[in-house]
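**Q** Enclosed is the structure file query_12.txt (compact mmCIF, C-alpha atoms).
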```txt
# COMPACT_ATOMS: atom_id res chain seq x y z
CA MET A 1 21.22 10.06 -10.84
CA ARG A 2 20.86 6.35 -10.05
CA GLY A 3 17.62 4.46 -10.48
CA ALA A 4 16.33 0.88 -10.41
CA ILE A 5 15.31 -0.52 -13.80
CA LEU A 6 13.45 -3.77 -14.47
CA TYR A 7 14.70 -5.23 -17.76
CA ALA A 8 12.95 -8.58 -17.66
CA PRO A 9 11.46 -10.92 -15.06
CA GLY A 10 14.03 -11.34 -12.30
CA ASP A 11 16.39 -8.77 -13.83
CA VAL A 12 16.58 -5.56 -11.77
CA ARG A 13 19.56 -3.24 -12.27
CA VAL A 14 20.51 0.07 -10.70
CA GLU A 15 21.84 2.31 -13.44
CA THR A 16 22.63 5.93 -14.16
CA ARG A 17 19.62 7.81 -15.53
CA ASP A 18 18.94 11.38 -16.52
CA ASP A 19 17.92 13.61 -13.63
CA PRO A 20 14.21 14.47 -13.70
CA LYS A 21 13.30 18.05 -14.50
CA ILE A 22 10.27 20.29 -14.06
CA GLU A 23 8.16 19.54 -17.13
CA LYS A 24 4.93 21.32 -16.16
CA PRO A 25 4.37 24.33 -13.90
CA THR A 26 2.50 22.07 -11.44
CA ASP A 27 5.48 19.68 -10.97
CA ALA A 28 7.93 19.28 -8.14
CA VAL A 29 11.24 17.44 -8.07
CA ILE A 30 12.18 15.79 -4.79
CA ARG A 31 15.38 14.21 -3.50
CA VAL A 32 14.30 10.76 -2.37
CA ILE A 33 15.21 10.05 1.25
CA ALA A 34 13.68 6.58 1.30
CA ALA A 35 11.86 4.32 -1.17
CA CYS A 36 10.93 0.66 -1.10
CA VAL A 37 9.89 -2.44 -2.99
CA CYS A 38 6.14 -3.03 -3.15
CA GLY A 39 4.37 -6.36 -3.35
CA SER A 40 2.84 -5.13 -6.60
CA ASP A 41 6.37 -4.69 -8.00
CA LEU A 42 6.72 -8.45 -7.74
CA TRP A 43 4.02 -9.08 -10.36
CA PRO A 44 6.22 -7.92 -13.27
CA TYR A 45 9.35 -9.17 -11.46
CA ARG A 46 7.84 -12.66 -11.50
CA GLY A 47 6.68 -12.33 -15.12
CA ILE A 48 2.98 -12.34 -14.20
CA GLU A 49 2.68 -8.86 -15.70
CA ALA A 50 4.38 -8.17 -19.02
CA VAL A 51 7.54 -6.06 -19.01
CA ALA A 52 7.59 -3.82 -22.09
CA GLY A 53 11.28 -3.04 -22.22
CA PRO A 54 13.42 -1.42 -19.50
CA THR A 55 11.04 0.04 -16.89
CA PRO A 56 11.86 2.46 -14.05
CA MET A 57 10.61 0.96 -10.80
CA GLY A 58 9.12 2.20 -7.55
CA HIS A 59 6.10 4.26 -6.52
CA GLU A 60 6.51 4.69 -2.75
CA TYR A 61 8.60 7.61 -1.56
CA VAL A 62 9.42 10.30 0.96
CA GLY A 63 11.90 13.06 0.33
CA ILE A 64 12.99 16.67 0.39
CA VAL A 65 11.61 19.10 -2.19
CA GLU A 66 14.40 20.35 -4.45
CA GLU A 67 12.49 22.44 -6.97
CA VAL A 68 8.89 23.39 -7.79
CA GLY A 69 7.13 24.65 -10.89
CA ALA A 70 5.81 28.17 -11.27
CA ASP A 71 2.21 27.20 -10.39
CA VAL A 72 3.04 25.29 -7.20
CA SER A 73 2.01 27.33 -4.16
CA GLN A 74 1.46 24.88 -1.27
CA ILE A 75 4.73 22.96 -1.47
CA GLN A 76 8.10 24.67 -1.07
CA PRO A 77 11.74 23.68 -1.60
CA GLY A 78 13.29 22.31 1.55
CA GLN A 79 10.13 20.69 2.90
CA PHE A 80 10.02 17.02 3.85
CA VAL A 81 7.12 15.47 1.95
CA VAL A 82 5.13 12.25 1.65
CA GLY A 83 3.18 11.54 -1.52
CA SER A 84 0.89 8.92 -2.96
CA PHE A 85 1.53 6.68 -5.96
CA PHE A 86 -1.10 8.49 -8.05
CA ALA A 87 -0.71 12.21 -8.58
CA SER A 88 -3.98 14.10 -8.19
CA ASP A 89 -5.05 17.72 -8.32
CA ASN A 90 -7.12 17.21 -5.12
CA THR A 91 -9.64 19.74 -6.41
CA CYS A 92 -11.77 17.92 -9.02
CA ASP A 93 -15.17 16.48 -8.12
CA ILE A 94 -13.75 12.94 -7.86
CA CYS A 95 -10.97 14.08 -5.51
CA LYS A 96 -13.44 16.02 -3.37
CA ALA A 97 -15.44 12.81 -3.03
CA GLY A 98 -12.33 11.13 -1.60
CA TYR A 99 -11.15 9.14 -4.62
CA GLN A 100 -7.94 10.93 -5.56
CA SER A 101 -6.55 7.77 -7.17
CA ALA A 102 -9.28 8.25 -9.82
CA CYS A 103 -8.69 12.01 -10.22
CA VAL A 104 -9.71 13.24 -13.66
CA HIS A 105 -6.12 14.50 -14.09
CA ARG A 106 -4.35 11.65 -12.35
CA GLU A 107 -0.87 10.57 -13.32
CA TYR A 108 1.05 7.52 -12.13
CA VAL A 109 3.97 8.83 -10.12
CA GLY A 110 5.71 5.48 -10.43
CA ALA A 111 6.18 6.09 -14.15
CA GLY A 112 9.23 8.11 -13.18
CA GLY A 113 10.58 5.41 -10.88
CA ALA A 114 10.76 6.30 -7.17
CA GLN A 115 13.53 3.78 -6.48
CA ALA A 116 16.01 6.47 -7.42
CA ASP A 117 17.94 9.47 -6.13
CA LEU A 118 15.45 11.98 -7.53
CA LEU A 119 11.77 11.88 -8.53
CA ARG A 120 9.49 14.17 -10.50
CA VAL A 121 6.07 14.46 -8.83
CA PRO A 122 3.26 15.84 -11.03
CA LEU A 123 0.44 17.93 -9.53
CA ALA A 124 2.60 18.60 -6.51
CA ASP A 125 0.13 20.74 -4.57
CA GLY A 126 -2.54 18.05 -4.70
CA THR A 127 -0.26 15.04 -4.31
CA LEU A 128 2.32 15.87 -1.65
CA VAL A 129 1.80 16.38 2.08
CA ALA A 130 4.54 18.22 3.96
CA THR A 131 5.43 17.45 7.56
CA ALA A 132 5.59 20.34 10.01
CA GLU A 133 9.35 19.87 10.32
CA ARG A 134 12.05 17.43 9.30
CA PRO A 135 11.02 14.19 11.01
CA GLU A 136 13.28 12.27 13.30
CA GLU A 137 15.17 9.51 11.55
CA ASP A 138 13.28 6.67 13.21
CA LEU A 139 9.96 8.00 11.84
CA ILE A 140 11.04 7.85 8.19
CA PRO A 141 10.11 4.16 7.65
CA SER A 142 6.60 4.77 8.98
CA LEU A 143 6.14 7.90 6.87
CA LEU A 144 7.32 5.91 3.86
CA ALA A 145 4.74 3.22 4.66
CA ALA A 146 2.05 5.93 4.62
CA SER A 147 2.80 6.64 0.96
CA ASP A 148 1.24 3.33 -0.06
CA VAL A 149 0.94 0.25 2.13
CA MET A 150 -0.40 2.01 5.24
CA GLY A 151 -2.76 4.13 3.14
CA THR A 152 -3.81 1.05 1.19
CA GLY A 153 -4.39 -1.04 4.30
CA TRP A 154 -6.38 1.84 5.79
CA PHE A 155 -8.52 2.12 2.66
CA GLY A 156 -9.08 -1.63 2.75
CA ALA A 157 -10.47 -1.27 6.25
CA VAL A 158 -12.62 1.73 5.34
CA ALA A 159 -13.91 -0.02 2.20
CA ALA A 160 -14.78 -3.05 4.35
CA ASP A 161 -16.81 -0.77 6.63
CA VAL A 162 -14.73 -1.60 9.72
CA ARG A 163 -16.48 -0.18 12.76
CA PRO A 164 -16.11 -0.30 16.55
CA GLY A 165 -17.18 -3.59 18.05
CA LYS A 166 -17.15 -5.54 14.76
CA THR A 167 -15.27 -8.67 13.69
CA VAL A 168 -12.74 -8.23 10.87
CA ALA A 169 -10.83 -10.85 8.87
CA VAL A 170 -7.76 -10.02 6.79
CA VAL A 171 -6.82 -12.20 3.82
CA GLY A 172 -3.13 -11.74 3.03
CA ASP A 173 -0.15 -11.32 5.34
CA GLY A 174 2.05 -9.07 3.22
CA ALA A 175 2.72 -5.48 4.23
CA VAL A 176 -0.74 -4.30 3.14
CA GLY A 177 -2.52 -7.09 5.00
CA LEU A 178 -0.50 -6.48 8.16
CA LEU A 179 -1.20 -2.77 8.03
CA ALA A 180 -4.88 -3.47 7.39
CA VAL A 181 -4.77 -5.21 10.78
CA LEU A 182 -3.30 -2.03 12.28
CA ALA A 183 -5.94 0.09 10.55
CA ALA A 184 -8.77 -2.15 11.77
CA LYS A 185 -7.46 -1.83 15.32
CA GLN A 186 -7.31 1.97 15.02
CA LEU A 187 -10.85 2.03 13.64
CA GLY A 188 -12.14 0.18 16.69
CA ALA A 189 -12.63 -3.42 15.56
CA GLU A 190 -13.27 -5.70 18.53
CA ARG A 191 -11.98 -8.89 16.93
CA ILE A 192 -9.39 -9.10 14.15
CA ILE A 193 -8.65 -12.42 12.47
CA ALA A 194 -5.35 -12.46 10.56
CA MET A 195 -4.91 -15.21 7.99
CA SER A 196 -1.23 -16.15 7.96
CA ARG A 197 0.97 -19.21 8.12
CA HIS A 198 4.33 -17.43 8.56
CA ALA A 199 5.63 -17.02 12.11
CA ASP A 200 7.28 -13.61 11.60
CA ARG A 201 4.16 -12.16 10.02
CA GLN A 202 1.90 -13.71 12.64
CA LYS A 203 4.01 -12.04 15.34
CA LEU A 204 3.68 -8.62 13.73
CA ALA A 205 -0.05 -9.13 13.14
CA LEU A 206 -0.49 -9.78 16.85
CA GLU A 207 1.55 -6.68 17.68
CA TYR A 208 -0.71 -4.65 15.42
CA GLY A 209 -3.88 -5.87 17.10
CA ALA A 210 -4.88 -9.27 15.69
CA THR A 211 -6.85 -11.33 18.21
CA ASP A 212 -6.92 -14.60 16.24
CA LEU A 213 -4.68 -16.31 13.71
CA VAL A 214 -5.91 -18.63 10.97
CA THR A 215 -3.33 -20.68 9.10
CA GLU A 216 -5.71 -22.48 6.75
CA ARG A 217 -6.40 -21.25 3.21
CA GLY A 218 -9.19 -21.61 0.68
CA ASP A 219 -12.25 -23.55 1.81
CA ASP A 220 -10.48 -24.67 4.97
CA GLY A 221 -9.72 -21.05 5.84
CA VAL A 222 -13.35 -20.09 5.26
CA ALA A 223 -14.52 -22.93 7.49
CA ARG A 224 -12.18 -21.81 10.25
CA ILE A 225 -13.48 -18.24 10.13
CA LYS A 226 -17.05 -19.53 10.23
CA ASP A 227 -16.10 -21.60 13.29
CA LEU A 228 -14.78 -18.45 14.98
CA THR A 229 -17.92 -16.43 14.20
CA ASP A 230 -20.78 -18.71 15.21
CA GLY A 231 -21.13 -19.94 11.64
CA LEU A 232 -21.91 -16.48 10.26
CA GLY A 233 -18.62 -15.09 8.94
CA ALA A 234 -16.91 -11.79 9.66
CA HIS A 235 -18.69 -8.43 9.45
CA SER A 236 -15.77 -7.02 7.44
CA VAL A 237 -13.14 -8.81 5.34
CA ILE A 238 -10.10 -7.12 3.80
CA GLU A 239 -8.67 -8.81 0.69
CA ALA A 240 -5.00 -7.84 0.27
CA VAL A 241 -3.65 -10.34 -2.28
CA GLY A 242 -5.43 -10.03 -5.63
CA THR A 243 -5.88 -13.63 -6.81
CA GLN A 244 -8.99 -15.64 -7.61
CA GLU A 245 -8.48 -17.82 -4.54
CA SER A 246 -7.94 -14.91 -2.16
CA MET A 247 -10.95 -12.98 -3.46
CA MET A 248 -13.29 -15.95 -3.16
CA GLN A 249 -11.87 -16.76 0.27
CA ALA A 250 -12.69 -13.19 1.31
CA ILE A 251 -16.21 -13.25 -0.10
CA HIS A 252 -17.02 -16.64 1.42
CA SER A 253 -15.63 -15.52 4.81
CA THR A 254 -18.08 -12.59 4.96
CA ARG A 255 -21.46 -12.87 6.66
CA PRO A 256 -24.62 -11.96 4.69
CA GLY A 257 -24.84 -8.18 4.52
CA GLY A 258 -21.16 -7.85 5.38
CA HIS A 259 -18.48 -5.94 3.51
CA VAL A 260 -15.37 -6.91 1.55
CA GLY A 261 -12.72 -4.24 0.99
CA TYR A 262 -10.44 -5.43 -1.80
CA VAL A 263 -7.08 -3.71 -2.28
CA GLY A 264 -4.94 -6.49 -3.70
CA VAL A 265 -4.12 -5.71 -7.33
CA ALA A 266 -6.52 -7.99 -9.21
CA HIS A 267 -5.05 -10.67 -11.47
CA GLY A 268 -7.40 -12.99 -13.35
CA ILE A 269 -10.32 -12.60 -10.97
CA GLN A 270 -13.77 -13.63 -12.15
CA LEU A 271 -16.74 -13.09 -9.85
CA PRO A 272 -19.76 -15.43 -9.84
CA GLY A 273 -22.70 -13.08 -10.27
CA GLU A 274 -25.46 -15.46 -9.20
CA GLU A 275 -23.60 -16.49 -6.06
CA LEU A 276 -22.94 -12.86 -5.14
CA PHE A 277 -26.59 -12.03 -5.71
CA TYR A 278 -27.69 -14.36 -2.92
CA THR A 279 -24.95 -13.50 -0.40
CA HIS A 280 -25.85 -9.81 0.08
CA VAL A 281 -22.10 -9.15 0.43
CA HIS A 282 -20.95 -5.61 -0.35
CA LEU A 283 -17.79 -5.28 -2.48
CA HIS A 284 -15.73 -2.09 -2.59
CA GLY A 285 -12.09 -1.43 -3.34
CA GLY A 286 -9.53 -0.61 -5.99
CA PRO A 287 -6.35 1.49 -6.06
CA ALA A 288 -6.30 3.19 -2.68
CA PRO A 289 -6.95 6.94 -2.62
CA VAL A 290 -3.95 7.33 -0.32
CA ARG A 291 -4.04 11.12 -0.55
CA ARG A 292 -7.41 11.11 1.27
CA PHE A 293 -5.80 9.56 4.33
CA LEU A 294 -2.29 11.06 4.25
CA PRO A 295 -2.87 14.07 6.55
CA GLU A 296 -4.39 11.86 9.25
CA LEU A 297 -1.75 9.16 8.84
CA VAL A 298 1.10 11.66 8.99
CA ASP A 299 -0.35 13.02 12.25
CA LEU A 300 -0.77 9.55 13.75
CA ILE A 301 2.81 8.67 12.82
CA THR A 302 4.50 11.89 13.93
CA ASN A 303 2.55 11.74 17.20
CA ARG A 304 3.85 8.16 17.55
CA THR A 305 0.36 6.73 17.86
CA ILE A 306 1.04 4.11 15.17
CA ASP A 307 4.25 2.55 13.86
CA PRO A 308 3.59 1.07 10.41
CA GLY A 309 7.33 1.15 9.66
CA LYS A 310 7.71 -2.18 11.45
CA VAL A 311 6.74 -3.90 8.20
CA PHE A 312 10.21 -3.03 6.86
CA ASP A 313 12.36 -5.91 8.00
CA LEU A 314 15.14 -5.38 5.46
CA THR A 315 16.97 -2.11 4.76
CA LEU A 316 19.40 -1.85 1.86
CA PRO A 317 21.24 0.87 -0.02
CA LEU A 318 19.64 1.74 -3.34
CA GLY A 319 22.50 0.06 -5.18
CA GLN A 320 21.35 -3.29 -3.77
CA ALA A 321 17.74 -2.97 -4.95
CA ALA A 322 17.94 -6.31 -6.77
CA GLU A 323 18.55 -8.07 -3.44
CA GLY A 324 15.44 -6.39 -2.03
CA TYR A 325 13.38 -7.86 -4.86
CA ARG A 326 14.93 -11.31 -4.39
CA ALA A 327 14.35 -11.27 -0.63
CA MET A 328 10.69 -10.36 -1.00
CA ASP A 329 10.14 -12.79 -3.86
CA GLU A 330 11.64 -15.60 -1.77
CA ARG A 331 9.69 -14.48 1.35
CA ARG A 332 12.90 -13.81 3.23
CA ALA A 333 11.56 -10.28 3.86
CA ILE A 334 8.13 -8.78 4.36
CA LYS A 335 9.14 -5.47 2.79
CA ALA A 336 12.48 -4.01 1.71
CA LEU A 337 13.34 -0.35 2.35
CA LEU A 338 15.85 1.31 0.02
CA ARG A 339 18.02 4.25 1.03
CA PRO A 340 19.52 6.29 -1.83
```
In structure tokens, write the structure found in this file.

**A**
Amino acid sequence: MRGAILYAPGDVRVETRDDPKIEKPTDAVIRVIAACVCGSDLWPYRGIEAVAGPTPMGHEYVGIVEEVGADVSQIQPGQFVVGSFFASDNTCDICKAGYQSACVHREYVGAGGAQADLLRVPLADGTLVATAERPEEDLIPSLLAASDVMGTGWFGAVAADVRPGKTVAVVGDGAVGLLAVLAAKQLGAERIIAMSRHADRQKLALEYGATDLVTERGDDGVARIKDLTDGLGAHSVIEAVGTQESMMQAIHSTRPGGHVGYVGVAHGIQLPGEELFYTHVHLHGGPAPVRRFLPELVDLITNRTIDPGKVFDLTLPLGQAAEGYRAMDERRAIKALLRP
């Protein structure tokens, strides 16, 4: 099969790899129908995360089940499935509490590289969600978004305690931030402030339910949000970047007693304990337990209630994966979809 490999910063190649096989009786192998490039893939692509030799890439996927292990009972060959980036048994105490991305048996599905023709999915029964039937072609981008960025944006909103009638601010205008806007709208937020300075992303944020746009960053961005909220700050702030500046911008934009949901992969963040102590701001986040939300998201998508697939503004064949990385790195694309 073909698969995308990152050799070094800026060096992505699509090469022939061995086909994945059933290794454990709880595995499934799927034929990938669509995959994509994630914003988190850009950290090693840019050299911010170390690349330890050639690395298979990709952790977002939808596909058709080709084969299952002997212990798999809920997932069957021929089904169209959506899965999360962490495999989970969905039965341990942590999974039952809704944190499947911290399952005691979790495995990183992306280790096998989902930007490929085929993918081995561990713990298939607990990781994959099958659709009732083969979805229509135009729904595939949205179902693919559910496998990570929609689920992550939704978790960001839940972690930020978004509720009907509240004011929400979203720090970050990548795919996760834009879909956090969509999630906040679905969860009933009355006012949604999207922080973005890019016209194409602002347009999509407004389509997804943003009521206000803030172009300023850092202290200026905080001041603008305070101006929009009678000097108090937002009830809920979703941090979808993962840098020191974005985290502090999120915390400072939150009113006392408010909530920050942080889902940007953290890089070099240090939190000031004494300052936090006196703000009464709640912090919750981490790798999104996408599996918790997948059944609901699949229903919302197949019923055409939400359309998170709009974040894909570039579609390429798998063989052109390197261009997808370049386009996202250069901000010529919000998110690149790859079709094997």

**Q** Name the residues within 10 Å of (-1.4, 2.9, 18.7), counting all atoms listed in the file in the file's coordinates, and put them as a PyMOL selection string.

**A** chain A and resi 182-183+185-186+208-209+300-301+303-308

**Q** Please produce a file of the residues just selected, as a compact mmCIF listing (two decimals), in the frame of the given file, where the atoms kept are C-alpha atoms.

**A**
```
# COMPACT_ATOMS: atom_id res chain seq x y z
CA LEU A 182 -3.30 -2.03 12.28
CA ALA A 183 -5.94 0.09 10.55
CA LYS A 185 -7.46 -1.83 15.32
CA GLN A 186 -7.31 1.97 15.02
CA TYR A 208 -0.71 -4.65 15.42
CA GLY A 209 -3.88 -5.87 17.10
CA LEU A 300 -0.77 9.55 13.75
CA ILE A 301 2.81 8.67 12.82
CA ASN A 303 2.55 11.74 17.20
CA ARG A 304 3.85 8.16 17.55
CA THR A 305 0.36 6.73 17.86
CA ILE A 306 1.04 4.11 15.17
CA ASP A 307 4.25 2.55 13.86
CA PRO A 308 3.59 1.07 10.41
```

**Q** So that I can check the surroundings of Ile75 in chain A, please list as a ChimeraX atom specification every protein, DNA and RNA residue that reaches within 9 Å of it, counting only C-alpha atoms and ignoring chain neighbours fewer than 2 positions away.

**A** /A:28,65,68,72-73,77,79,81,124-125,128-130

**Q** If you take all atoms listed in the file and a cut-off of 7 Å, which residues of range 245-269 of chain A touch range 149-159 of chain A, and what are their nearest atom pairs and distances in Å to one decimal, in chain and number order, as JSON lines?

**A**
```
{"residue": "A:Gly261", "atom": "CA", "partner": "A:Ala159", "partner_atom": "CA", "distance": 4.5}
{"residue": "A:Tyr262", "atom": "CA", "partner": "A:Gly156", "partner_atom": "CA", "distance": 6.1}
{"residue": "A:Val263", "atom": "CA", "partner": "A:Gly156", "partner_atom": "CA", "distance": 5.8}
```

**Q** Closest to Ala266 in chain A among A:Leu204, A:Ile48, A:Ala333, A:Ala194, using all atoms listed in the file?

**A**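 Selected residue with least distance to Ala266 in chain A: A:Ile48.
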
**Q** Identify, on the basis of all atoms listed in the file, every residue whose closest approach to Asp200 in chain A does not exceed 12 Å; exclude the query and any residue fewer than 5 positions from it along the same chain; express the result as a ChimeraX atom specification.

**A** /A:173-175,178,205-207,310-313,331-334

**Q** Go through A:Lys96, A:Arg46, A:Arg255, A:Lys335 and flag the residue nearest Lys166 in chain A, using only C-alpha atoms for the distances.

**A**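 Nearest to Lys166 in chain A: A:Arg255.
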
**Q** Looking at all atoms listed in the file, which of A:Lys226, A:Arg120, A:Arg191, A:Arg201 is the one that sits closest to Ser253 in chain A?

**A**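 Using all atoms listed in the file, Ser253 in chain A sits closest to A:Lys226.
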
**Q** Near Gly324 in chain A, within 7 Å and counting only C-alpha atoms, which residues show up once chain neighbours fewer than 4 positions away are dropped, as a compact mmCIF listing (two decimals) with C-alpha atoms, in the coordinates of the input?

**A**
```txt
# COMPACT_ATOMS: atom_id res chain seq x y z
CA VAL A 37 9.89 -2.44 -2.99
CA GLN A 320 21.35 -3.29 -3.77
CA MET A 328 10.69 -10.36 -1.00
CA ALA A 336 12.48 -4.01 1.71
```

**Q** Which neighbours of Thr167 in chain A fall inside 8 Å, counting all atoms listed in the file, when residues of the same chain fewer than 6 positions from it are skipped, and could you give them as a tab-separated table (two decimals) with C-alpha atoms, keeping the file's coordinate frame?

**A**
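Okay, this is what ended up in result00.tsv:
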```
chain	number	residue	atom	x	y	z
A	189	ALA	CA	-12.63	-3.42	15.56
A	190	GLU	CA	-13.27	-5.70	18.53
A	191	ARG	CA	-11.98	-8.89	16.93
A	192	ILE	CA	-9.39	-9.10	14.15
A	193	ILE	CA	-8.65	-12.42	12.47
A	234	ALA	CA	-16.91	-11.79	9.66
A	235	HIS	CA	-18.69	-8.43	9.45
A	236	SER	CA	-15.77	-7.02	7.44
```

**Q** Using Å and a single decimal, report how far CA of Gly110 in chain A sits from CA of Tyr7 in chain A.

**A**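 A separation of 15.8 Å between them.
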
**Q** Hey, which of A:Gly264, A:Arg17, A:Val82, A:Arg291 ends up closest to Gly98 in chain A? Count only C-alpha atoms.

**A**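 Among A:Gly264, A:Arg17, A:Val82, A:Arg291, it is A:Arg291 that comes nearest to Gly98 in chain A.
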
**Q** Generate all heavy atoms for range 265-273 of chain A and emit them as a compact mmCIF listing (two decimals), in the frame of the given file.

**A**
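Generated output (part-v1.txt):
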```txt
# COMPACT_ATOMS: atom_id res chain seq x y z
N VAL A 265 -4.02 -5.97 -5.90
CA VAL A 265 -4.12 -5.71 -7.33
C VAL A 265 -4.65 -6.95 -8.03
O VAL A 265 -4.04 -8.03 -7.97
CB VAL A 265 -2.75 -5.31 -7.91
CG1 VAL A 265 -2.87 -5.02 -9.42
CG2 VAL A 265 -2.21 -4.08 -7.19
N ALA A 266 -5.81 -6.83 -8.68
CA ALA A 266 -6.52 -7.99 -9.21
C ALA A 266 -5.80 -8.61 -10.40
O ALA A 266 -5.40 -7.91 -11.33
CB ALA A 266 -7.93 -7.58 -9.61
N HIS A 267 -5.65 -9.93 -10.36
CA HIS A 267 -5.05 -10.67 -11.47
C HIS A 267 -5.92 -11.89 -11.76
O HIS A 267 -6.00 -12.82 -10.97
CB HIS A 267 -3.62 -11.11 -11.13
CG HIS A 267 -2.64 -9.99 -11.19
ND1 HIS A 267 -2.51 -9.07 -10.17
CD2 HIS A 267 -1.76 -9.62 -12.16
CE1 HIS A 267 -1.58 -8.19 -10.50
NE2 HIS A 267 -1.12 -8.50 -11.69
N GLY A 268 -6.62 -11.85 -12.90
CA GLY A 268 -7.40 -12.99 -13.35
C GLY A 268 -8.60 -13.33 -12.50
O GLY A 268 -9.03 -14.48 -12.46
N ILE A 269 -9.18 -12.33 -11.85
CA ILE A 269 -10.32 -12.60 -10.97
C ILE A 269 -11.62 -12.56 -11.76
O ILE A 269 -11.88 -11.63 -12.51
CB ILE A 269 -10.37 -11.58 -9.81
CG1 ILE A 269 -9.16 -11.79 -8.89
CG2 ILE A 269 -11.66 -11.71 -9.02
CD1 ILE A 269 -9.05 -10.77 -7.79
N GLN A 270 -12.44 -13.59 -11.57
CA GLN A 270 -13.77 -13.63 -12.15
C GLN A 270 -14.76 -13.85 -11.01
O GLN A 270 -14.59 -14.78 -10.21
CB GLN A 270 -13.88 -14.74 -13.19
CG GLN A 270 -12.99 -14.52 -14.41
CD GLN A 270 -13.19 -15.60 -15.46
OE1 GLN A 270 -13.69 -16.68 -15.16
NE2 GLN A 270 -12.80 -15.30 -16.68
N LEU A 271 -15.78 -13.02 -10.95
CA LEU A 271 -16.74 -13.09 -9.85
C LEU A 271 -18.03 -13.78 -10.30
O LEU A 271 -18.57 -13.46 -11.36
CB LEU A 271 -17.06 -11.69 -9.34
CG LEU A 271 -15.88 -10.90 -8.77
CD1 LEU A 271 -16.33 -9.51 -8.35
CD2 LEU A 271 -15.25 -11.64 -7.60
N PRO A 272 -18.52 -14.71 -9.49
CA PRO A 272 -19.76 -15.43 -9.84
C PRO A 272 -20.99 -14.57 -9.49
O PRO A 272 -21.37 -14.44 -8.33
CB PRO A 272 -19.69 -16.68 -8.96
CG PRO A 272 -18.88 -16.25 -7.77
CD PRO A 272 -17.91 -15.21 -8.26
N GLY A 273 -21.61 -14.01 -10.50
CA GLY A 273 -22.70 -13.08 -10.27
C GLY A 273 -23.86 -13.66 -9.50
O GLY A 273 -24.40 -13.04 -8.58
```
